[in-house]
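For reference, run-v3.txt (compact mmCIF, C-alpha atoms):
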# COMPACT_ATOMS: atom_id res chain seq x y z
CA MET U 1 26.18 -18.17 25.10
CA ALA U 2 26.55 -14.60 23.86
CA LEU U 3 23.87 -15.20 21.24
CA GLU U 4 21.55 -16.64 23.90
CA ARG U 5 22.09 -13.61 26.17
CA ARG U 6 21.36 -11.20 23.30
CA SER U 7 18.23 -13.18 22.41
CA THR U 8 17.05 -13.10 26.05
CA MET U 9 17.68 -9.36 26.28
CA SER U 10 15.78 -8.77 23.02
CA ASN U 11 12.79 -10.76 24.28
CA ALA U 12 12.83 -8.86 27.58
CA ALA U 13 12.97 -5.56 25.74
CA ALA U 14 10.02 -6.63 23.60
CA ASP U 15 8.01 -7.57 26.71
CA VAL U 16 8.45 -4.13 28.32
CA PRO U 17 6.13 -2.18 25.98
CA ALA U 18 3.43 -4.87 26.22
CA HIS U 19 3.61 -4.83 30.03
CA HIS U 20 3.46 -1.03 30.05
CA GLU U 21 0.36 -1.07 27.80
CA TRP U 22 -1.48 -3.51 30.07
CA LYS U 23 -0.59 -1.37 33.06
CA THR U 24 -2.02 1.69 31.33
CA ILE U 25 -5.21 -0.21 30.40
CA ALA U 26 -5.64 -1.38 34.02
CA TRP U 27 -5.28 2.17 35.35
CA LEU U 28 -7.80 3.50 32.81
CA ALA U 29 -10.29 0.77 33.77
CA ILE U 30 -9.90 1.52 37.49
CA LEU U 31 -10.14 5.29 37.07
CA GLY U 32 -13.14 4.95 34.74
CA THR U 33 -14.97 2.70 37.21
CA VAL U 34 -14.22 4.99 40.15
CA GLY U 35 -15.30 8.03 38.15
CA SER U 36 -18.60 6.38 37.18
CA LEU U 37 -19.30 5.45 40.80
CA CYS U 38 -18.59 9.00 41.91
CA VAL U 39 -20.91 10.47 39.30
CA SER U 40 -23.66 8.04 40.30
CA LEU U 41 -23.26 8.74 44.04
CA ILE U 42 -23.16 12.52 43.58
CA LEU U 43 -26.24 12.50 41.36
CA ASN U 44 -28.23 10.33 43.76
CA TYR U 45 -27.07 12.45 46.71
CA LEU U 46 -28.28 15.66 45.06
CA LEU U 47 -31.60 14.15 44.05
CA LEU U 48 -32.12 12.88 47.60
CA PHE U 49 -32.67 16.44 48.87
CA SER U 50 -35.17 17.38 46.17
CA GLU U 51 -38.59 17.76 47.78
CA THR U 52 -40.49 18.24 44.53
CA LEU U 53 -39.51 14.90 43.03
CA THR U 54 -41.22 11.64 43.82
CA PRO U 55 -39.12 8.48 44.24
CA PHE U 56 -40.25 7.46 40.75
CA GLY U 57 -39.11 10.82 39.32
CA ARG U 58 -35.73 10.53 40.98
CA GLY U 59 -35.36 7.02 39.62
CA MET U 60 -36.23 8.15 36.09
CA ILE U 61 -33.71 11.01 36.23
CA THR U 62 -31.02 8.69 37.48
CA ALA U 63 -31.82 6.10 34.83
CA THR U 64 -31.71 8.75 32.09
CA LEU U 65 -28.77 10.91 33.08
CA LEU U 66 -26.32 8.20 34.09
CA PRO U 67 -26.22 6.50 30.66
CA VAL U 68 -25.86 9.92 28.98
CA VAL U 69 -23.10 11.14 31.30
CA ILE U 70 -21.16 7.87 31.42
CA CYS U 71 -21.95 5.88 28.27
CA LEU U 72 -21.96 8.69 25.71
CA PRO U 73 -18.29 9.71 26.24
CA LEU U 74 -17.32 6.04 26.52
CA PHE U 75 -18.89 5.05 23.21
CA VAL U 76 -17.54 8.16 21.48
CA PHE U 77 -14.06 7.16 22.68
CA ILE U 78 -14.57 3.56 21.49
CA GLY U 79 -15.85 4.76 18.11
CA LEU U 80 -12.82 6.99 17.62
CA LYS U 81 -10.48 4.13 18.48
CA LEU U 82 -12.26 1.79 16.05
CA ALA U 83 -11.98 4.40 13.29
CA GLU U 84 -8.27 4.76 14.07
CA ILE U 85 -7.80 0.98 13.91
CA ARG U 86 -9.57 0.83 10.52
CA ARG U 87 -7.33 3.62 9.23
CA TYR U 88 -4.21 1.81 10.41
CA ARG U 89 -5.46 -1.40 8.79
CA ARG U 90 -6.00 0.37 5.46
CA GLU U 91 -2.51 1.86 5.66
CA LEU U 92 -1.00 -1.56 6.43
CA ASN U 93 -2.87 -3.17 3.54
CA ARG U 94 -1.70 -0.43 1.20
CA ALA U 95 1.89 -0.72 2.44
CA ALA U 96 1.76 -4.48 1.84
CA THR U 97 0.33 -4.04 -1.67
CA PHE U 98 1.92 -0.92 -3.13
CA ASP U 99 5.49 0.29 -3.42
CA THR U 100 5.83 3.22 -1.01
CA LEU U 101 8.10 5.23 -3.30
CA THR U 102 6.32 5.00 -6.65
CA GLY U 103 2.75 4.03 -5.74
CA CYS U 104 2.88 1.04 -8.14
CA LEU U 105 2.19 -2.51 -7.06
CA ASN U 106 5.19 -4.01 -5.33
CA GLY U 107 7.01 -6.87 -6.98
CA ARG U 108 5.49 -9.61 -4.83
CA VAL U 109 1.89 -8.56 -5.45
CA PHE U 110 2.51 -7.84 -9.15
CA THR U 111 4.04 -11.28 -9.68
CA SER U 112 1.25 -12.96 -7.71
CA LEU U 113 -1.45 -11.31 -9.84
CA ILE U 114 0.14 -12.57 -13.04
CA GLU U 115 0.69 -16.07 -11.63
CA ARG U 116 -2.94 -16.32 -10.51
CA ARG U 117 -4.14 -15.21 -13.94
CA ALA U 118 -1.99 -17.88 -15.59
CA ILE U 119 -3.48 -20.57 -13.33
CA ARG U 120 -7.09 -19.37 -13.69
CA SER U 121 -8.92 -20.59 -16.78
CA SER U 122 -9.91 -17.69 -19.06
CA PRO U 123 -11.98 -17.39 -22.23
CA GLN U 124 -9.94 -17.90 -25.37
CA GLY U 125 -9.98 -14.23 -26.36
CA GLU U 126 -8.68 -13.10 -22.97
CA ARG U 127 -5.61 -15.35 -22.80
CA SER U 128 -3.48 -13.25 -25.15
CA GLY U 129 -1.69 -10.08 -24.16
CA ALA U 130 1.67 -8.40 -23.75
CA PHE U 131 4.19 -7.79 -21.03
CA LEU U 132 6.56 -4.80 -21.00
CA VAL U 133 9.71 -4.27 -18.96
CA ILE U 134 10.73 -0.64 -18.50
CA HIS U 135 14.20 0.36 -17.33
CA PRO U 136 15.12 4.00 -16.57
CA GLU U 137 18.31 5.20 -18.24
CA HIS U 138 21.03 7.26 -16.54
CA LEU U 139 19.54 6.69 -13.07
CA ASN U 140 22.93 5.89 -11.53
CA ALA U 141 24.35 9.08 -13.02
CA ILE U 142 21.51 11.09 -11.49
CA ASN U 143 22.14 9.49 -8.09
CA LEU U 144 25.87 10.28 -8.28
CA ARG U 145 25.48 13.85 -9.49
CA PHE U 146 22.48 15.03 -7.48
CA GLY U 147 21.96 12.48 -4.70
CA LEU U 148 19.61 9.59 -4.00
CA ASN U 149 16.64 11.86 -3.28
CA TRP U 150 16.67 13.15 -6.85
CA GLY U 151 17.03 9.59 -8.12
CA ASP U 152 13.90 8.67 -6.15
CA GLU U 153 12.10 11.68 -7.60
CA ALA U 154 13.03 10.52 -11.11
CA LEU U 155 11.55 7.09 -10.34
CA ARG U 156 8.35 8.69 -9.03
CA LEU U 157 7.97 10.78 -12.18
CA ILE U 158 8.60 7.81 -14.46
CA ALA U 159 6.13 5.62 -12.54
CA SER U 160 3.45 8.31 -12.71
CA THR U 161 4.05 8.70 -16.44
CA ILE U 162 3.77 4.96 -17.04
CA ARG U 163 0.43 4.79 -15.21
CA SER U 164 -0.89 7.71 -17.27
CA CYS U 165 -0.03 5.90 -20.52
CA VAL U 166 -1.90 2.65 -19.93
CA ARG U 167 -5.52 1.57 -19.58
CA SER U 168 -7.34 1.12 -16.29
CA GLN U 169 -7.31 -2.69 -16.69
CA ASP U 170 -3.55 -2.80 -17.27
CA VAL U 171 -1.32 -3.66 -14.31
CA VAL U 172 1.82 -1.67 -13.43
CA GLY U 173 4.34 -2.87 -10.84
CA ARG U 174 7.81 -2.08 -9.61
CA ILE U 175 9.69 -5.35 -10.12
CA GLY U 176 13.19 -4.19 -9.21
CA ALA U 177 15.13 -1.32 -7.72
CA SER U 178 15.02 0.50 -11.06
CA MET U 179 12.69 -1.59 -13.21
CA PHE U 180 8.97 -1.54 -13.87
CA GLY U 181 6.66 -4.15 -15.37
CA VAL U 182 3.46 -3.49 -17.31
CA PHE U 183 0.99 -6.30 -17.97
CA LEU U 184 -1.36 -5.61 -20.89
CA PRO U 185 -4.12 -8.27 -21.04
CA GLY U 186 -5.83 -8.80 -24.39
CA THR U 187 -3.32 -6.61 -26.24
CA ASP U 188 -1.96 -7.48 -29.68
CA GLU U 189 1.49 -6.65 -31.03
CA ALA U 190 0.48 -3.36 -32.64
CA ASP U 191 -1.18 -2.04 -29.48
CA ALA U 192 1.73 -3.18 -27.30
CA ARG U 193 4.16 -1.34 -29.56
CA THR U 194 1.97 1.77 -29.42
CA VAL U 195 1.91 1.68 -25.61
CA GLY U 196 5.68 1.18 -25.38
CA GLU U 197 6.42 4.03 -27.77
CA ARG U 198 3.92 6.27 -25.95
CA ILE U 199 5.65 5.59 -22.63
CA ARG U 200 9.09 6.37 -24.08
CA ALA U 201 7.92 9.58 -25.74
CA THR U 202 5.96 10.82 -22.72
CA VAL U 203 8.80 10.13 -20.27
CA SER U 204 11.22 12.12 -22.44
CA GLN U 205 8.87 15.13 -22.21
CA VAL U 206 8.64 15.12 -18.40
CA TYR U 207 10.12 18.21 -16.78
CA PHE U 208 12.90 17.15 -14.41
CA ALA U 209 15.31 19.76 -13.07
CA PRO U 210 17.36 18.55 -10.09
CA GLN U 211 19.00 21.50 -8.33
CA GLY U 212 17.82 23.74 -11.16
CA ALA U 213 19.68 21.83 -13.89
CA GLU U 214 17.17 20.41 -16.37
CA GLU U 215 17.76 16.76 -17.23
CA ILE U 216 16.05 14.63 -19.87
CA LEU U 217 14.59 11.41 -18.55
CA ALA U 218 14.75 8.35 -20.77
CA VAL U 219 13.68 4.72 -20.50
CA SER U 220 14.43 1.53 -22.37
CA VAL U 221 11.45 -0.73 -23.07
CA GLY U 222 11.49 -4.43 -23.77
CA GLY U 223 8.40 -6.51 -24.28
CA VAL U 224 6.90 -9.81 -25.26
CA VAL U 225 3.56 -10.59 -26.91
CA PHE U 226 1.92 -13.93 -26.12
CA GLU U 227 -1.12 -15.82 -27.35
CA GLN U 228 -1.73 -17.85 -24.21
CA ASP U 229 -1.24 -17.19 -20.51
CA LEU U 230 2.32 -17.59 -19.25
CA ASP U 231 4.00 -17.68 -15.87
CA PHE U 232 5.76 -14.52 -14.79
CA GLU U 233 9.24 -15.89 -15.39
CA ASP U 234 8.29 -17.10 -18.87
CA MET U 235 7.26 -13.55 -19.76
CA PHE U 236 9.96 -11.69 -17.87
CA ARG U 237 12.98 -13.44 -19.39
CA PRO U 238 12.22 -12.74 -23.07
CA ALA U 239 10.95 -9.25 -22.24
CA GLU U 240 14.18 -8.42 -20.40
CA GLU U 241 16.23 -9.84 -23.26
CA SER U 242 14.38 -7.49 -25.62
CA LEU U 243 15.65 -4.42 -23.75
CA SER U 244 17.66 -2.62 -26.38
CA GLY U 245 19.22 0.01 -24.10
CA LYS U 246 19.93 3.66 -24.89
CA GLY U 247 16.26 4.58 -24.71
CA GLY U 248 15.20 2.03 -27.33
CA PHE U 249 12.27 -0.34 -27.63
CA GLY U 250 12.44 -4.05 -28.42
CA LEU U 251 9.46 -6.38 -28.74
CA SER U 252 9.41 -10.14 -29.24
CA ARG U 253 6.62 -12.65 -29.74
CA ILE U 254 5.99 -16.04 -28.15
CA GLN U 255 4.10 -18.26 -30.57
CA ARG U 256 1.35 -20.59 -29.46
CA ALA U 257 2.73 -23.99 -28.53
CA SER U 258 1.91 -26.65 -31.07
CA MET U 259 -0.45 -29.34 -29.95
Could you write out this file's structure as structure tokens?
Amino acid sequence: MALERRSTMSNAAADVPAHHEWKTIAWLAILGTVGSLCVSLILNYLLLFSETLTPFGRGMITATLLPVVICLPLFVFIGLKLAEIRRYRRELNRAATFDTLTGCLNGRVFTSLIERRAIRSSPQGERSGAFLVIHPEHLNAINLRFGLNWGDEALRLIASTIRSCVRSQDVVGRIGASMFGVFLPGTDEADARTVGERIRATVSQVYFAPQGAEEILAVSVGGVVFEQDLDFEDMFRPAEESLSGKGGFGLSRIQRASM
């Protein structure tokens, strides 16, 4: 019974804002209609006493001025509201696609992109590639010493560095609270190793000084190189197992399945 009462109260509370919005819309519609009628009556009343205008002239003035006075502000208002709705829609789409903290793809979208690529048939040369898992080191220590805000700042800096080290066609996502994934389509083992080492070296050179105390950022990188498209889990498991820890880099290879 208590759960039912709380559910009923929650539904009633949710209905209040909607009812208030409809009430506001009704008042705006009434006031707008009354205002338009007043403008029309006043204009026609003033034109009625003009001795220089013919009935046709008065009709033309009324037909011209009323749309300008009434419709122009109305359509400007509607246009502004439509632009605001489009802006909100873009923000919602971005929030649903990208991680708000780091700007990388969120885990759900990142995983979905890889899964769709594995399902889609690709030319033979495009089915190979590499997948890297990147794990920041000492993040818990930063959170404990300087606070969560500085831990978030470290994640932002690392994410920005990762994006600067890869190609435009590569995909970067945040796949955990403190883990990033990088999908490198069409990359061989040598190139994947180069990218991983570049990320490690560049992250270590990032200036990070929480509360004025300079700290060195470090990441561990694990990766897997494949010759045919794989599901996300089939890439993630061996890549995670390749994480060497202590700022190292491990890379494994998945051979083509025998026919």
Could you name the residues that touch Thr194 in chain U at 12 Å or less, counting all atoms listed in the file, but leaving out those on the same chain fewer than 5 positions away, as an MDAnalysis selection string? chainID U and resid 130 132 165:166 184 187:189 199:202 221 223 249 251
What's around Thr111 in chain U at 10 Å? Count only C-alpha atoms, leave out sequence neighbours fewer than 5 positions away in its own chain, and write the answer as a PyMOL selection string. chain U and resi 105-106+116+173-175+181+231-233
re CA of Gly151 in chain U and CA of Leu139 in chain U: distance 6.3 Å
If we count all atoms listed in the file and set the cut-off at 10 Å, which residues sit around range 70-85 of chain U, ignoring sequence neighbours fewer than 4 positions away in its own chain? Please answer as a list of chain:residue names.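 So, after excluding close chain neighbours, the residues are U:Gly32, U:Thr33, U:Gly35, U:Ser36, U:Leu37, U:Val39, U:Ser40, U:Leu65, U:Leu66, U:Arg89, U:Arg90, U:Glu91.
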What separation in Å, quoted to one decimal, exists between CA of Gly222 in chain U and CA of Glu241 in chain U? 7.2 Å
So how many Å separate CA of Glu153 in chain U and CA of Glu197 in chain U, to one decimal?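 Interatomic distance here is 22.3 Å.
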Selected residue of minimal separation from Phe180 in chain U among U:Gly212, U:Pro136, U:Pro238, U:Gly57, counting all atoms listed in the file: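 Residue with the minimum atom-to-atom distance to Phe180 in chain U: U:Pro136.
With only C-alpha atoms as the atoms that count, the residue of U:Val133, U:Leu92, U:Val182, U:Leu101 with the shortest distance to Ser168 in chain U is U:Val182.
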